[in-house]
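K.L.:
Input data.cif, format and content: mmCIF, C-alpha atoms.
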```cif
data_upload
loop_
_atom_site.label_atom_id
_atom_site.label_comp_id
_atom_site.auth_asym_id
_atom_site.auth_seq_id
_atom_site.Cartn_x
_atom_site.Cartn_y
_atom_site.Cartn_z
CA MET R 80 156.86 101.74 -70.54
CA GLN R 81 159.94 101.01 -68.40
CA ILE R 82 160.67 103.71 -65.84
CA GLU R 83 164.32 104.73 -65.73
CA ASN R 84 166.18 103.47 -62.62
CA ALA R 85 162.99 101.88 -61.32
CA PRO R 86 163.35 99.26 -58.55
CA ILE R 87 163.09 95.79 -60.11
CA LEU R 88 162.63 92.35 -58.53
CA THR R 89 163.44 89.35 -60.71
CA ILE R 90 162.76 85.76 -59.66
CA GLN R 91 165.13 83.32 -61.29
CA HIS R 92 164.23 79.61 -61.46
CA SER R 93 166.85 76.90 -61.70
CA ASP R 94 164.47 74.00 -60.92
CA THR R 95 160.90 73.45 -59.67
CA THR R 96 161.59 73.77 -55.94
CA ASP R 97 161.85 76.87 -53.77
CA ALA R 98 165.43 75.93 -52.93
CA GLY R 99 166.38 76.56 -56.53
CA GLN R 100 164.77 80.01 -56.72
CA ALA R 101 166.71 83.25 -56.38
CA VAL R 102 165.39 86.78 -56.05
CA VAL R 103 167.57 89.35 -57.77
CA ALA R 104 167.02 93.06 -57.03
CA SER R 105 168.25 95.81 -59.30
CA GLY R 106 167.69 99.48 -59.96
CA VAL R 107 167.41 102.33 -57.47
CA TRP R 108 165.65 101.42 -54.21
CA GLN R 109 165.20 104.90 -52.75
CA VAL R 110 162.16 106.82 -51.63
CA HIS R 111 161.98 109.05 -54.73
CA THR R 112 161.76 106.02 -57.05
CA LEU R 113 159.52 103.95 -54.78
CA SER R 114 157.03 106.85 -54.55
CA ARG R 115 156.41 106.90 -58.29
CA ARG R 116 152.92 106.05 -59.38
CA GLY R 117 152.21 102.31 -59.32
CA VAL R 118 155.75 101.30 -58.30
CA LEU R 119 155.26 100.85 -54.54
CA LYS R 120 152.05 98.86 -54.93
CA GLY R 121 153.67 96.35 -57.30
CA ILE R 122 156.83 95.96 -55.24
CA THR R 123 154.81 95.49 -52.03
CA ARG R 124 152.64 92.83 -53.67
CA THR R 125 155.68 90.92 -54.92
CA LEU R 126 157.50 91.07 -51.57
CA ALA R 127 154.36 89.93 -49.73
CA ALA R 128 154.19 86.84 -51.98
CA LEU R 129 157.83 85.99 -51.12
CA LYS R 130 157.57 86.69 -47.38
CA HIS R 131 157.13 83.12 -46.08
CA LYS R 132 159.62 81.40 -48.43
CA ASP R 133 162.66 80.98 -46.16
CA THR R 134 164.68 78.90 -48.67
CA LEU R 135 164.95 81.65 -51.26
CA ALA R 136 168.29 83.13 -52.22
CA TRP R 137 168.45 86.93 -52.26
CA ASP R 138 170.91 88.88 -54.38
CA LEU R 139 171.07 92.66 -53.78
CA SER R 140 174.50 93.21 -55.29
CA ASN R 141 173.02 94.73 -58.46
CA VAL R 142 171.13 97.46 -56.59
CA GLU R 143 172.55 100.80 -57.69
CA ARG R 144 171.44 102.86 -54.68
CA LEU R 145 169.64 101.89 -51.50
CA ASP R 146 168.28 103.98 -48.62
CA HIS R 147 166.61 103.10 -45.32
CA ILE R 148 163.12 102.93 -46.89
CA GLY R 149 164.13 100.34 -49.45
CA ALA R 150 166.24 98.40 -46.95
CA GLN R 151 163.36 98.29 -44.48
CA MET R 152 161.08 96.83 -47.17
CA PHE R 153 163.54 93.99 -47.71
CA TRP R 154 163.97 93.52 -43.94
CA ASN R 155 160.22 93.20 -43.42
CA ALA R 156 159.97 90.71 -46.30
CA TRP R 157 162.71 88.62 -44.67
CA GLY R 158 160.72 88.38 -41.42
CA LYS R 159 163.05 90.86 -39.65
CA LYS R 160 166.08 88.54 -39.90
CA ARG R 161 168.75 87.89 -42.51
CA PRO R 162 167.97 85.03 -44.90
CA ALA R 163 170.33 82.06 -45.02
CA ARG R 164 171.43 82.83 -48.56
CA LEU R 165 172.01 86.55 -49.01
CA THR R 166 174.37 88.39 -51.31
CA LEU R 167 175.00 92.06 -50.53
CA ASP R 168 177.22 94.77 -51.89
CA PRO R 169 179.85 95.74 -49.27
CA ARG R 170 178.36 99.25 -49.20
CA GLN R 171 175.02 97.81 -48.03
CA GLU R 172 176.40 95.92 -45.04
CA GLU R 173 176.49 98.95 -42.76
CA LEU R 174 172.89 99.91 -43.59
CA PHE R 175 171.47 96.45 -42.90
CA GLY R 176 173.68 96.21 -39.80
CA ARG R 177 172.04 99.30 -38.32
CA ILE R 178 168.56 97.96 -39.12
CA GLU R 179 169.47 94.60 -37.55
CA LYS R 180 170.67 96.28 -34.35
CA ALA R 181 167.54 98.45 -34.17
CA SER R 182 165.30 95.38 -34.59
CA ALA R 183 167.11 93.62 -31.73
CA ILE R 184 166.11 96.34 -29.24
CA GLN R 185 163.37 95.07 -26.95
CA LEU R 186 161.01 97.74 -25.71
CA ALA R 187 159.79 97.44 -22.16
CA ARG R 188 156.29 96.02 -22.08
CA HIS R 189 153.77 98.23 -20.38
CA ARG R 190 151.96 96.28 -17.72
CA THR R 191 148.55 97.46 -16.63
CA SER R 192 147.70 96.89 -13.01
CA PRO R 193 144.43 94.99 -12.37
CA LEU R 194 143.58 97.81 -9.96
CA ASN R 195 144.08 100.46 -12.64
CA TRP R 196 140.38 101.41 -12.48
CA LEU R 197 140.80 102.16 -8.79
CA ILE R 198 143.86 104.33 -9.50
CA VAL R 199 141.96 106.27 -12.17
CA LEU R 200 138.98 106.70 -9.85
CA GLY R 201 141.19 107.94 -7.03
CA ALA R 202 142.98 110.38 -9.33
CA GLY R 203 139.63 111.69 -10.54
CA ILE R 204 138.38 112.22 -6.98
CA LEU R 205 141.59 114.00 -5.98
CA SER R 206 141.37 116.20 -9.09
CA PHE R 207 137.75 117.03 -8.24
CA PHE R 208 138.62 118.13 -4.70
CA GLU R 209 141.58 120.10 -6.03
CA HIS R 210 139.28 121.98 -8.38
CA MET R 211 136.78 122.54 -5.56
CA LYS R 212 139.52 123.98 -3.37
CA GLY R 213 140.66 126.33 -6.14
CA PHE R 214 137.06 127.34 -6.86
CA LEU R 215 136.38 128.15 -3.19
CA ILE R 216 139.57 130.21 -3.01
CA LEU R 217 138.40 132.09 -6.10
CA VAL R 218 134.99 132.75 -4.51
CA GLY R 219 136.63 133.99 -1.30
CA GLN R 220 138.90 136.32 -3.28
CA LEU R 221 135.85 137.60 -5.18
CA VAL R 222 134.02 138.39 -1.93
CA GLN R 223 137.04 140.35 -0.70
CA ASP R 224 137.32 142.23 -3.98
CA ILE R 225 133.61 143.13 -3.95
CA GLY R 226 133.99 144.42 -0.38
CA ARG R 227 136.95 146.54 -1.47
CA PHE R 228 134.92 147.81 -4.43
CA ILE R 229 131.97 148.78 -2.20
CA ARG R 230 134.23 150.62 0.26
CA ASN R 231 135.96 152.62 -2.48
CA PRO R 232 133.83 152.59 -5.66
CA ARG R 233 135.67 155.51 -7.29
CA THR R 234 138.78 153.42 -7.89
CA GLY R 235 136.76 150.46 -9.12
CA PRO R 236 137.20 148.86 -12.56
CA TRP R 237 134.18 150.60 -14.12
CA ARG R 238 135.55 150.48 -17.65
CA GLU R 239 136.25 146.75 -17.39
CA ILE R 240 132.72 146.12 -16.08
CA SER R 241 131.19 148.20 -18.88
CA ALA R 242 133.29 146.48 -21.55
CA ASN R 243 132.35 143.03 -20.27
CA ILE R 244 128.65 143.94 -20.17
CA TYR R 245 128.92 145.01 -23.80
CA HIS R 246 130.79 141.89 -24.95
CA SER R 247 128.90 139.34 -22.85
CA GLY R 248 125.47 140.94 -22.89
CA PHE R 249 124.82 143.28 -25.79
CA GLN R 250 126.70 141.26 -28.40
CA ALA R 251 124.78 138.11 -27.36
CA LEU R 252 121.37 139.63 -28.15
CA GLY R 253 121.35 138.33 -31.72
CA ILE R 254 122.04 134.66 -31.04
CA THR R 255 119.76 134.51 -27.99
CA ALA R 256 116.92 136.15 -29.94
CA MET R 257 117.21 133.70 -32.83
CA VAL R 258 117.45 130.59 -30.65
CA GLY R 259 114.70 131.80 -28.30
CA PHE R 260 112.33 132.55 -31.20
CA LEU R 261 112.92 129.17 -32.82
CA ILE R 262 112.49 127.28 -29.54
CA GLY R 263 109.22 129.13 -28.97
CA VAL R 264 107.99 128.19 -32.45
CA VAL R 265 108.94 124.52 -32.03
CA LEU R 266 107.51 124.21 -28.51
CA SER R 267 104.24 125.91 -29.51
CA PHE R 268 103.88 123.81 -32.65
CA LEU R 269 104.43 120.49 -30.88
CA SER R 270 102.24 121.42 -27.90
CA ALA R 271 99.43 122.61 -30.18
CA GLN R 272 99.33 119.26 -31.97
CA GLN R 273 98.86 117.40 -28.68
CA LEU R 274 96.39 119.88 -27.16
CA ARG R 275 94.20 119.83 -30.27
CA MET R 276 93.58 116.09 -29.76
CA PHE R 277 92.01 116.79 -26.34
CA GLY R 278 90.36 120.11 -27.13
CA GLY R 279 92.66 122.03 -24.80
CA ASP R 280 93.80 124.74 -27.21
CA ILE R 281 93.42 127.52 -24.66
CA TYR R 282 95.94 125.88 -22.33
CA LEU R 283 98.77 126.50 -24.80
CA VAL R 284 99.33 129.86 -23.10
CA ASN R 285 99.86 128.12 -19.76
CA ILE R 286 102.32 125.59 -21.18
CA LEU R 287 104.37 128.16 -23.08
CA GLY R 288 104.33 130.73 -20.27
CA MET R 289 105.44 128.39 -17.50
CA SER R 290 108.00 126.45 -19.52
CA ILE R 291 109.65 129.48 -21.11
CA ILE R 292 109.56 132.03 -18.29
CA ARG R 293 110.43 129.64 -15.47
CA GLU R 294 112.77 127.11 -17.14
CA LEU R 295 113.66 127.36 -20.81
CA GLY R 296 114.35 131.10 -20.98
CA PRO R 297 117.01 131.23 -18.22
CA LEU R 298 118.47 127.85 -19.20
CA LEU R 299 118.76 128.67 -22.92
CA ALA R 300 120.34 132.04 -22.23
CA ALA R 301 122.80 130.50 -19.77
CA ILE R 302 123.86 127.69 -22.14
CA LEU R 303 124.38 130.14 -25.01
CA VAL R 304 126.35 132.53 -22.82
CA ALA R 305 128.43 129.65 -21.43
CA GLY R 306 129.36 128.55 -24.93
CA ARG R 307 129.91 132.06 -26.27
CA SER R 308 131.15 134.27 -23.45
CA GLY R 309 132.44 131.53 -21.13
CA SER R 310 134.85 130.23 -23.76
CA SER R 311 135.91 133.80 -24.53
CA ILE R 312 136.73 134.50 -20.87
CA THR R 313 138.76 131.30 -20.51
CA ALA R 314 140.61 131.89 -23.77
CA GLN R 315 141.36 135.50 -22.81
CA LEU R 316 142.89 134.53 -19.47
CA GLY R 317 144.69 131.61 -21.09
CA VAL R 318 146.29 133.82 -23.74
CA MET R 319 147.32 136.24 -21.00
CA ARG R 320 149.00 133.31 -19.28
CA VAL R 321 150.75 132.23 -22.49
CA THR R 322 151.97 135.77 -23.24
CA GLU R 323 152.98 136.27 -19.57
CA GLU R 324 150.65 139.25 -19.14
CA LEU R 325 149.39 137.80 -15.85
CA ASP R 326 152.95 137.65 -14.54
CA ALA R 327 153.50 141.25 -15.65
CA MET R 328 150.37 142.35 -13.76
CA ARG R 329 151.60 140.59 -10.63
CA VAL R 330 154.99 142.30 -10.91
CA MET R 331 153.27 145.70 -11.21
CA GLY R 332 151.16 144.95 -8.14
CA ILE R 333 147.83 144.74 -10.04
CA SER R 334 145.39 142.24 -8.56
CA HIS R 335 144.11 139.61 -11.00
CA GLY R 336 140.89 139.23 -9.04
CA TYR R 337 140.12 142.94 -8.82
CA ARG R 338 140.90 143.83 -12.44
CA LEU R 339 140.05 140.63 -14.31
CA ILE R 340 137.75 138.31 -12.37
CA MET R 341 135.43 140.68 -10.48
CA PRO R 342 134.48 142.77 -13.57
CA LYS R 343 133.54 139.62 -15.48
CA VAL R 344 131.46 138.21 -12.63
CA LEU R 345 129.62 141.49 -12.03
CA ALA R 346 129.10 142.01 -15.77
CA LEU R 347 127.48 138.60 -16.23
CA ALA R 348 125.45 139.02 -13.01
CA ILE R 349 124.02 142.23 -14.51
CA SER R 350 123.64 141.21 -18.15
CA MET R 351 122.30 137.67 -17.67
CA PRO R 352 118.92 138.71 -16.13
CA LEU R 353 118.50 141.16 -19.01
CA LEU R 354 119.32 138.41 -21.50
CA VAL R 355 116.77 136.18 -19.77
CA VAL R 356 114.08 138.85 -20.26
CA TRP R 357 115.11 139.22 -23.90
CA THR R 358 115.15 135.45 -24.52
CA ASP R 359 111.75 135.03 -22.79
CA ALA R 360 110.25 137.77 -24.97
CA MET R 361 111.62 136.30 -28.21
CA ALA R 362 110.51 132.77 -27.27
CA LEU R 363 107.01 133.98 -26.39
CA ILE R 364 106.78 135.90 -29.66
CA GLY R 365 107.78 132.76 -31.54
CA GLY R 366 105.17 130.79 -29.59
CA MET R 367 102.50 133.38 -30.38
CA VAL R 368 103.32 133.28 -34.09
CA SER R 369 103.13 129.48 -34.14
CA ALA R 370 99.90 129.49 -32.08
CA LYS R 371 98.34 131.98 -34.49
CA ILE R 372 99.22 129.80 -37.49
CA GLU R 373 98.47 126.41 -35.92
CA LEU R 374 95.49 127.10 -33.61
CA GLY R 375 94.28 130.51 -34.73
CA LEU R 376 94.88 132.12 -31.30
CA SER R 377 95.18 135.88 -31.67
CA PHE R 378 98.12 137.83 -30.29
CA ARG R 379 95.76 139.90 -28.14
CA TYR R 380 94.25 136.81 -26.50
CA PHE R 381 97.73 135.42 -25.86
CA VAL R 382 98.93 138.63 -24.16
CA GLN R 383 95.75 138.95 -22.08
CA LYS R 384 95.86 135.37 -20.80
CA LEU R 385 99.60 135.29 -20.05
CA PRO R 386 99.50 137.23 -16.70
CA ASP R 387 96.75 134.94 -15.38
CA ALA R 388 98.47 131.77 -16.60
CA VAL R 389 101.89 132.61 -15.17
CA PRO R 390 102.16 134.15 -11.67
CA VAL R 391 104.62 137.01 -11.34
CA VAL R 392 106.79 135.04 -8.90
CA ASN R 393 107.85 132.78 -11.77
CA TYR R 394 109.27 135.78 -13.55
CA THR R 395 111.22 136.66 -10.39
CA ILE R 396 112.54 133.10 -10.16
CA GLY R 397 113.67 133.31 -13.79
CA LEU R 398 115.55 136.57 -13.16
CA LEU R 399 117.17 135.12 -10.04
CA LYS R 400 118.24 132.09 -12.05
CA GLY R 401 119.78 134.36 -14.66
CA CYS R 402 121.83 136.24 -12.07
CA VAL R 403 123.08 133.05 -10.40
CA PHE R 404 123.82 131.34 -13.71
CA GLY R 405 125.79 134.34 -14.92
CA MET R 406 127.97 134.42 -11.82
CA LEU R 407 128.58 130.66 -12.00
CA ILE R 408 129.55 130.84 -15.68
CA ALA R 409 132.01 133.67 -15.02
CA LEU R 410 133.56 131.95 -11.99
CA VAL R 411 133.96 128.59 -13.73
CA SER R 412 135.44 130.23 -16.83
CA CYS R 413 137.88 132.30 -14.78
CA HIS R 414 138.82 129.27 -12.68
CA PHE R 415 139.87 127.23 -15.70
CA GLY R 416 141.38 130.26 -17.43
CA LEU R 417 143.77 130.88 -14.54
CA ARG R 418 144.79 127.19 -14.48
CA ILE R 419 145.90 127.13 -18.12
CA LYS R 420 149.59 126.43 -18.60
CA PRO R 421 151.71 128.53 -20.98
CA ASN R 422 151.28 126.30 -24.04
CA THR R 423 148.73 126.09 -26.84
CA GLU R 424 147.63 122.52 -26.06
CA SER R 425 146.64 123.46 -22.52
CA LEU R 426 144.82 126.51 -23.88
CA GLY R 427 142.60 124.44 -26.17
CA ARG R 428 141.94 121.75 -23.55
CA GLY R 429 141.20 124.30 -20.83
CA THR R 430 138.74 126.23 -22.99
CA THR R 431 136.84 123.06 -23.90
CA THR R 432 136.76 121.89 -20.28
CA ALA R 433 135.55 125.30 -19.10
CA VAL R 434 132.59 125.34 -21.50
CA VAL R 435 131.54 121.77 -20.68
CA THR R 436 131.89 122.36 -16.93
CA ALA R 437 130.02 125.67 -17.06
CA ILE R 438 127.07 124.10 -18.89
CA THR R 439 127.05 121.17 -16.43
CA VAL R 440 127.14 123.51 -13.43
CA VAL R 441 124.28 125.56 -14.91
CA ILE R 442 122.12 122.45 -15.33
CA LEU R 443 122.92 121.32 -11.77
CA ALA R 444 122.05 124.78 -10.44
CA ASP R 445 118.77 124.66 -12.37
CA ALA R 446 117.96 121.33 -10.74
CA VAL R 447 118.67 122.86 -7.30
CA PHE R 448 116.34 125.76 -8.12
CA ALA R 449 113.63 123.29 -9.16
CA ILE R 450 113.90 121.48 -5.82
CA VAL R 451 114.11 124.61 -3.64
CA PHE R 452 111.19 126.39 -5.37
CA ASN R 453 109.13 123.26 -5.84
CA ASP R 454 105.96 124.69 -4.24
CA VAL R 455 106.42 128.29 -5.42
CA GLY R 456 104.72 129.88 -8.42
CA PHE R 457 101.89 127.41 -9.10
#
```
Could you write out this file's structure as structure tokens?
P.N.:
Amino acid sequence: MQIENAPILTIQHSDTTDAGQAVVASGVWQVHTLSRRGVLKGITRTLAALKHKDTLAWDLSNVERLDHIGAQMFWNAWGKKRPARLTLDPRQEELFGRIEKASAIQLARHRTSPLNWLIVLGAGILSFFEHMKGFLILVGQLVQDIGRFIRNPRTGPWREISANIYHSGFQALGITAMVGFLIGVVLSFLSAQQLRMFGGDIYLVNILGMSIIRELGPLLAAILVAGRSGSSITAQLGVMRVTEELDAMRVMGISHGYRLIMPKVLALAISMPLLVVWTDAMALIGGMVSAKIELGLSFRYFVQKLPDAVPVVNYTIGLLKGCVFGMLIALVSCHFGLRIKPNTESLGRGTTTAVVTAITVVILADAVFAIVFNDVGF
């Protein structure tokens, strides 16, 4: 069925050569008619077939209405230049004139320097040292704020510390318990399969105890807290920057470090070791359940052998890791939170960068701990 006012292209033949062919356009060539179902696809296919025939005559005088969308379709079919034989309505001259002028504009070509990789590398190194400088300034300010807090604890931000312990510690118990339990189950199940081949079932307690208490427990808790609480800290400071709350605090003479940064650092330094203990316990319980099902080791045997398999110093190292990881996560999150610019794009980018950097710093710190305490706890 013919659509009313639909754009129509008619090819008229006067002889067998292209020179005798004429393309006559009629109808309404505007976006509301071109967007009708099936119209644009057919018109585009027809224009594509006529694109390389330079000897065609084009007659647009019968077009009722024409907008920039329709005119641009013709212009593209003509190879971005007027054909030799073209008939236009006087009202269409201005429209095609504007398109012709716009097509004549030559954009400056972007030239990439052959030393662009060196420029990018240098910018990255400068950015790294800039971040290091800001981070060291933040650490120095934190030390001063802690000294002020110790000298006059009554005026300290106790409510802020308590609130951050609740949000960063207590509310993270659920996710750390679930992940710790599942990691314990998986690690015990895979280790039991290998140990059964060599008849070393009893050494499952040693493997689980050392790996969870010394390494996996603190590392899992830190990664979860970095993704959960670290992003929250960065987003909170970033929103305060966007809403100009940080500027308002500065005007009122309230220190950002004393009221915002120090409570978060102290809260994570306190709650992270407790989360490490909680994650260790859940992971060991998961390992015991899997060992009971897979190897038939009783819970009582597991608990009795654990103190002999894992020296107490490993537990101390795990708690120390938790404290250090918590402080690093808080400092990195606050560092990127304070550097967020007052726009939503910077807020999203800064939060993502803070989480990735915090997790990377935690893994690097764990590697340092492994090197420093290489001969301790075995």
K.L.:
With the PyMOL selection byres ((chain R and resi 240) around 7) as the selection, what would be picked from this file? Answer as a list in words, please.
P.N.:
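This file, filtered by the PyMOL selection byres ((chain R and resi 240) around 7), leaves Pro236, Trp237, Arg238, Glu239, Ser241, Ala242, Asn243, Ile244, Pro342, Lys343, Leu345 and Ala346 of chain R.
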K.L.:
Step by step, work through what the PyMOL selection byres ((chain R and resi 167-181) around 10) selects in the shown file, and finish by giving those residues as a PyMOL selection string.
P.N.:
chain R and resi 137-147+150-151+153-154+159-161+165-166+182-185
K.L.:
Please determine, counting all atoms listed in the file, which residue among R:Gly203, R:Pro193, R:Gly309, R:Gly288 has the shortest atom-to-atom distance to Ser247 in chain R.
P.N.:
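Between R:Gly203, R:Pro193, R:Gly309, R:Gly288, the residue approaching Ser247 in chain R most closely is R:Gly309.
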K.L.:
Here's the selection I'm unsure about, the PyMOL selection byres ((chain R and resi 263) around 6); applied to the file above, which residues does it give, as a list in words?
P.N.:
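Going through the file, the PyMOL selection byres ((chain R and resi 263) around 6) ends up selecting Phe260, Leu261, Ile262, Val264, Val265, Leu266, Ser267, Ala362, Leu363, Gly365 and Gly366 of chain R.
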K.L.:
List the neighbours of Ile302 in chain R out to 12 Å using all atoms listed in the file; skip same-chain residues closer than 5 positions along the sequence, and give me the result as a PyMOL selection string.
P.N.:
chain R and resi 251+254-255+258-259+295-297+307-310+351+354-355+358+401+404-405+407-408+434-442+445
K.L.:
Go through R:Leu217, R:Val103, R:Val455, R:Ile122 and flag the residue nearest Met152 in chain R, using only C-alpha atoms for the distances.
P.N.:
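Using only C-alpha atoms, the shortest distance to Met152 in chain R belongs to R:Ile122.
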K.L.:
What would the list of residues within 12 Å of (112.1, 137.0, -9.2) (file frame) look like as a PyMOL selection string, if all atoms listed in the file are what count?
P.N.:
chain R and resi 292-293+297+352+355-356+390-403+452+455-456
K.L.:
Pick the closest to Tyr380 in chain R from R:Ala300, R:Ile281, R:His210, R:Ser270: which is it, counting all atoms listed in the file?
P.N.:
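Distance minimum relative to Tyr380 in chain R lands on R:Ile281.
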K.L.:
Counting only C-alpha atoms, figure out which residue out of R:Ile312, R:Leu283, R:Ile333, R:Ala271 gets nearest to Phe415 in chain R.
P.N.:
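Nearest to Phe415 in chain R: R:Ile312.
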K.L.:
So, counting all atoms listed in the file, which residue among R:Phe249, R:Met361, R:His414, R:His111 is closest to Leu215 in chain R?
P.N.:
R:His414
K.L.:
I'd like the interatomic distance between CA of Val102 in chain R and CA of Leu119 in chain R, to a tenth of an Å.
P.N.:
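CA of Leu119 in chain R lies at a distance of 17.4 Å from CA of Val102 in chain R.
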K.L.:
In Å, with one decimal, what is the gap from CA of Gln223 in chain R to CA of Asp326 in chain R?
P.N.:
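Computed distance, CA of Gln223 in chain R to CA of Asp326 in chain R, equals 21.3 Å.
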K.L.:
For Pro386 in chain R, which of R:Ser369, R:Gly226, R:Val284, R:Gln273 is the closest residue, counting all atoms listed in the file?
P.N.:
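For Pro386 in chain R, the nearest of the candidates is R:Val284.
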K.L.:
Can you measure CA of Leu376 in chain R to CA of Leu298 in chain R for me? One decimal in Å is fine.
P.N.:
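About the pair CA of Leu376 in chain R and CA of Leu298 in chain R: they are 26.9 Å apart.
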K.L.:
For Ala314 in chain R, work out the shell of residues within 8 Å, counting all atoms listed in the file and skipping chain neighbours fewer than 4 positions away, then give it as a list in words.
P.N.:
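Counting only the stated atoms, we get Ser310, Val318, Gly416, Leu426 and Thr430 of chain R.
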